[in-house]
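Structure first, commentary second.
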Amino acid sequence: MSLDVSPALLEQAERGEVDEVEFVDCVRTSLPYAWEMISSLVAQLKVDGGAFADNQTPPPDEQARGQLLRALASDAIRGALQRHFGVRLAFQNCHRVAVFPLDSSVDETLGRFTSARSQVLNQSPEFRDC
């Protein structure tokens with residue numbers, strides 16, 4: 001499933017620039033699992049504080065997994081989500097989403113999370129086909 005783009009949003013894109021608020025709303029309604037995952041992690045980060053908040057539970061089904069992949073693999077979607085929520089997003093395997101504050105004090109932690117070493121250490125046979 002791609003984004004469910006309304007005729008009005010498509011027309012806007014055909015004329016020129018797309019309003020980011022409308023684009024973010026399109027993402028919210030098109031990718032509800034991904035939206036809820038990121039929203040809940042942002043809320044967790046605000047409540048708990050710390051360097052980041054992350055999800056380590058695999059999605060319940062392939063549709064949900066696909067939503068995460070679409071949201072985080074698309075530069076446009078990922079960028080819009082980061083600006084909307086005021087965070088930096090990171091992604092490992094096909095389900096471990098993390099949100100980091102924009103604060104540069106967590107740059108080292110973000111660097112470790114997104115490193116090749118962390119990716120290798122986060123491998124598991126059950127993630128082969130994700």
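To be explicit about the labels: the chains of the structure tokens are called A, B, and onward in the order shown, and within each one the residues are counted from 1, while ligands get numbers from 1 in the order they are shown.
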**Request:** Can you list, as a PyMOL selection string, all residues belonging to chain A that DSSP tags as strand (DSSP E)?
**Result:** chain A and resi 53-54+87-92+96-101
Would you put the residues from that selection into a file with all heavy atoms, as a CSV table (one decimal), in the first residue's frame?
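For reference, out-v2.csv as written:
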```csv
chain,number,residue,atom,x,y,z
A,53,ALA,N,14.1,6.8,22.9
A,53,ALA,CA,13.1,5.8,23.2
A,53,ALA,C,13.0,4.9,22.0
A,53,ALA,O,13.1,5.4,20.8
A,53,ALA,CB,11.8,6.5,23.4
A,54,ASP,N,12.9,3.6,22.2
A,54,ASP,CA,12.8,2.7,21.0
A,54,ASP,C,11.8,1.6,21.2
A,54,ASP,O,11.4,1.3,22.3
A,54,ASP,CB,14.2,2.2,20.7
A,54,ASP,CG,14.7,1.2,21.7
A,54,ASP,OD1,14.4,1.4,22.9
A,54,ASP,OD2,15.5,0.3,21.3
A,87,VAL,N,12.0,15.5,16.4
A,87,VAL,CA,12.9,14.4,16.8
A,87,VAL,C,13.7,14.0,15.6
A,87,VAL,O,13.4,14.3,14.5
A,87,VAL,CB,12.2,13.2,17.4
A,87,VAL,CG1,11.4,13.6,18.6
A,87,VAL,CG2,11.3,12.5,16.4
A,88,ARG,N,14.7,13.2,15.9
A,88,ARG,CA,15.4,12.4,14.8
A,88,ARG,C,15.0,11.0,14.9
A,88,ARG,O,14.9,10.4,16.0
A,88,ARG,CB,17.0,12.6,15.0
A,88,ARG,CG,17.4,14.0,14.8
A,88,ARG,CD,18.9,14.2,15.0
A,88,ARG,NE,19.2,14.2,16.4
A,88,ARG,CZ,20.4,14.3,16.9
A,88,ARG,NH1,21.5,14.4,16.1
A,88,ARG,NH2,20.6,14.3,18.2
A,89,LEU,N,14.8,10.4,13.8
A,89,LEU,CA,14.4,9.0,13.8
A,89,LEU,C,15.5,8.1,13.3
A,89,LEU,O,16.3,8.5,12.5
A,89,LEU,CB,13.2,8.8,12.8
A,89,LEU,CG,11.9,9.5,13.1
A,89,LEU,CD1,11.0,9.5,11.9
A,89,LEU,CD2,11.3,9.0,14.3
A,90,ALA,N,15.6,6.9,13.9
A,90,ALA,CA,16.6,5.9,13.5
A,90,ALA,C,15.8,4.6,13.4
A,90,ALA,O,14.8,4.4,14.0
A,90,ALA,CB,17.7,5.8,14.6
A,91,PHE,N,16.4,3.7,12.6
A,91,PHE,CA,15.7,2.4,12.3
A,91,PHE,C,16.7,1.3,12.1
A,91,PHE,O,17.8,1.5,11.4
A,91,PHE,CB,15.0,2.7,11.0
A,91,PHE,CG,14.0,1.7,10.5
A,91,PHE,CD1,13.0,1.2,11.4
A,91,PHE,CD2,14.0,1.3,9.2
A,91,PHE,CE1,12.1,0.3,11.0
A,91,PHE,CE2,13.0,0.4,8.8
A,91,PHE,CZ,12.1,-0.1,9.7
A,92,GLN,N,16.4,0.2,12.7
A,92,GLN,CA,17.2,-1.0,12.6
A,92,GLN,C,16.3,-2.2,12.2
A,92,GLN,O,15.2,-2.3,12.7
A,92,GLN,CB,18.0,-1.4,13.9
A,92,GLN,CG,19.2,-0.6,14.2
A,92,GLN,CD,19.9,-1.1,15.4
A,92,GLN,OE1,19.5,-2.1,16.0
A,92,GLN,NE2,21.0,-0.5,15.7
A,96,ARG,N,12.8,-2.0,14.6
A,96,ARG,CA,13.3,-1.3,15.7
A,96,ARG,C,13.4,0.2,15.4
A,96,ARG,O,14.4,0.6,14.8
A,96,ARG,CB,14.7,-1.8,16.1
A,96,ARG,CG,15.1,-1.2,17.5
A,96,ARG,CD,16.3,-1.8,18.1
A,96,ARG,NE,16.6,-1.2,19.3
A,96,ARG,CZ,17.8,-1.2,19.8
A,96,ARG,NH1,18.8,-1.8,19.3
A,96,ARG,NH2,18.0,-0.6,21.0
A,97,VAL,N,12.4,0.9,15.7
A,97,VAL,CA,12.3,2.3,15.5
A,97,VAL,C,12.8,3.0,16.8
A,97,VAL,O,12.4,2.6,17.9
A,97,VAL,CB,10.9,2.8,15.2
A,97,VAL,CG1,10.8,4.3,15.0
A,97,VAL,CG2,10.3,2.0,14.0
A,98,ALA,N,13.6,4.1,16.6
A,98,ALA,CA,14.0,4.9,17.8
A,98,ALA,C,13.8,6.3,17.5
A,98,ALA,O,14.0,6.8,16.3
A,98,ALA,CB,15.5,4.6,18.1
A,99,VAL,N,13.5,7.1,18.5
A,99,VAL,CA,13.4,8.5,18.4
A,99,VAL,C,14.4,9.2,19.3
A,99,VAL,O,14.6,8.7,20.5
A,99,VAL,CB,11.9,9.1,18.7
A,99,VAL,CG1,10.9,8.6,17.7
A,99,VAL,CG2,11.5,8.7,20.1
A,100,PHE,N,15.1,10.1,18.8
A,100,PHE,CA,16.2,10.9,19.5
A,100,PHE,C,15.8,12.3,19.6
A,100,PHE,O,15.3,12.9,18.6
A,100,PHE,CB,17.5,10.7,18.8
A,100,PHE,CG,18.1,9.3,18.9
A,100,PHE,CD1,17.6,8.3,18.1
A,100,PHE,CD2,19.1,9.0,19.8
A,100,PHE,CE1,18.2,7.0,18.2
A,100,PHE,CE2,19.6,7.8,19.9
A,100,PHE,CZ,19.2,6.8,19.1
A,101,PRO,N,16.0,13.0,20.7
A,101,PRO,CA,15.8,14.4,20.7
A,101,PRO,C,16.7,15.1,19.7
A,101,PRO,O,17.8,14.6,19.3
A,101,PRO,CB,16.1,14.8,22.1
A,101,PRO,CG,16.9,13.7,22.7
A,101,PRO,CD,16.6,12.5,21.9
```
**Request:** Mind checking which residues fall within 12 Å of A:Gln44, counting only C-alpha atoms, ignoring those fewer than 2 positions away in the same chain, and posting them as a ChimeraX atom specification?
**Result:** /A:36-42,46-55,98-101
**Item:** Picked from stretch 13-105 of chain A by DSSP as helix (DSSP H, G or I), as a ChimeraX atom specification
**Value:** /A:13-15,20-30,32-48,62-73,75-85,104-105
**Complete:** Closest of A:Val18, A:Ala71, A:Leu102, A:Cys26 to A:Val5, counting only C-alpha atoms, is A:Cys26
**Item:** d(atom CA of A:Gly111, atom CA of A:Thr57) in Å
**Value:** 21.8 Å
**Asked** Using only C-alpha atoms, which residues sit within 9 Å of A:Tyr33 once same-chain residues fewer than 4 positions away are excluded, as a ChimeraX atom specification?
**Response** /A:28,37-38,59,63-65,67-68
**Request:** Rounded to one decimal place, report the atom CA of A:Pro58-atom CA of A:Ser105 distance in Å.
**Result:**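 Separation of atom CA of A:Pro58 and atom CA of A:Ser105: 28.9 Å.
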**Message:** Give me, as a PyMOL selection string, all polymer residues having an atom no more than 12 Å from A:Gly66, counting only C-alpha atoms and skipping those fewer than 4 positions away in the same chain.
**Reply:** chain A and resi 1-3+30-34+58-62+70-74+94-95+130
Atoms to include: C-alpha atoms. Write the selected residues as a tab-separated table (two decimals), in the first residue's frame.
```tsv
chain	number	residue	atom	x	y	z
A	1	MET	CA	0.00	0.00	0.00
A	2	SER	CA	1.23	3.42	-0.91
A	3	LEU	CA	0.01	6.66	0.61
A	30	SER	CA	-2.25	6.27	5.27
A	31	LEU	CA	0.24	4.67	7.66
A	32	PRO	CA	-1.61	4.44	10.99
A	33	TYR	CA	0.59	1.74	12.51
A	34	ALA	CA	3.79	3.65	11.76
A	58	PRO	CA	8.12	-6.78	15.89
A	59	PRO	CA	4.98	-5.55	14.11
A	60	PRO	CA	1.91	-7.79	14.41
A	61	ASP	CA	1.72	-8.50	10.67
A	62	GLU	CA	3.25	-7.77	7.28
A	70	ARG	CA	7.54	2.95	3.89
A	71	ALA	CA	7.61	5.63	6.57
A	72	LEU	CA	11.29	5.26	7.37
A	73	ALA	CA	12.68	4.40	3.94
A	74	SER	CA	11.18	7.44	2.25
A	94	CYS	CA	12.50	-3.96	9.98
A	95	HIS	CA	10.93	-2.93	13.25
A	130	CYS	CA	11.53	-9.17	7.60
```
**Message:** When you count only C-alpha atoms, which of these residues is closest to A:Glu22: A:Ala80, A:Gly86, A:Trp35, A:Ala43?
**Reply:**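 Of A:Ala80, A:Gly86, A:Trp35, A:Ala43, the one nearest A:Glu22 is A:Ala80, counting only C-alpha atoms.
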**Distance in Å - atom CA of A:Ser6 versus atom CA of A:Leu69** =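 Computed distance, atom CA of A:Ser6 to atom CA of A:Leu69, equals 21.6 Å.
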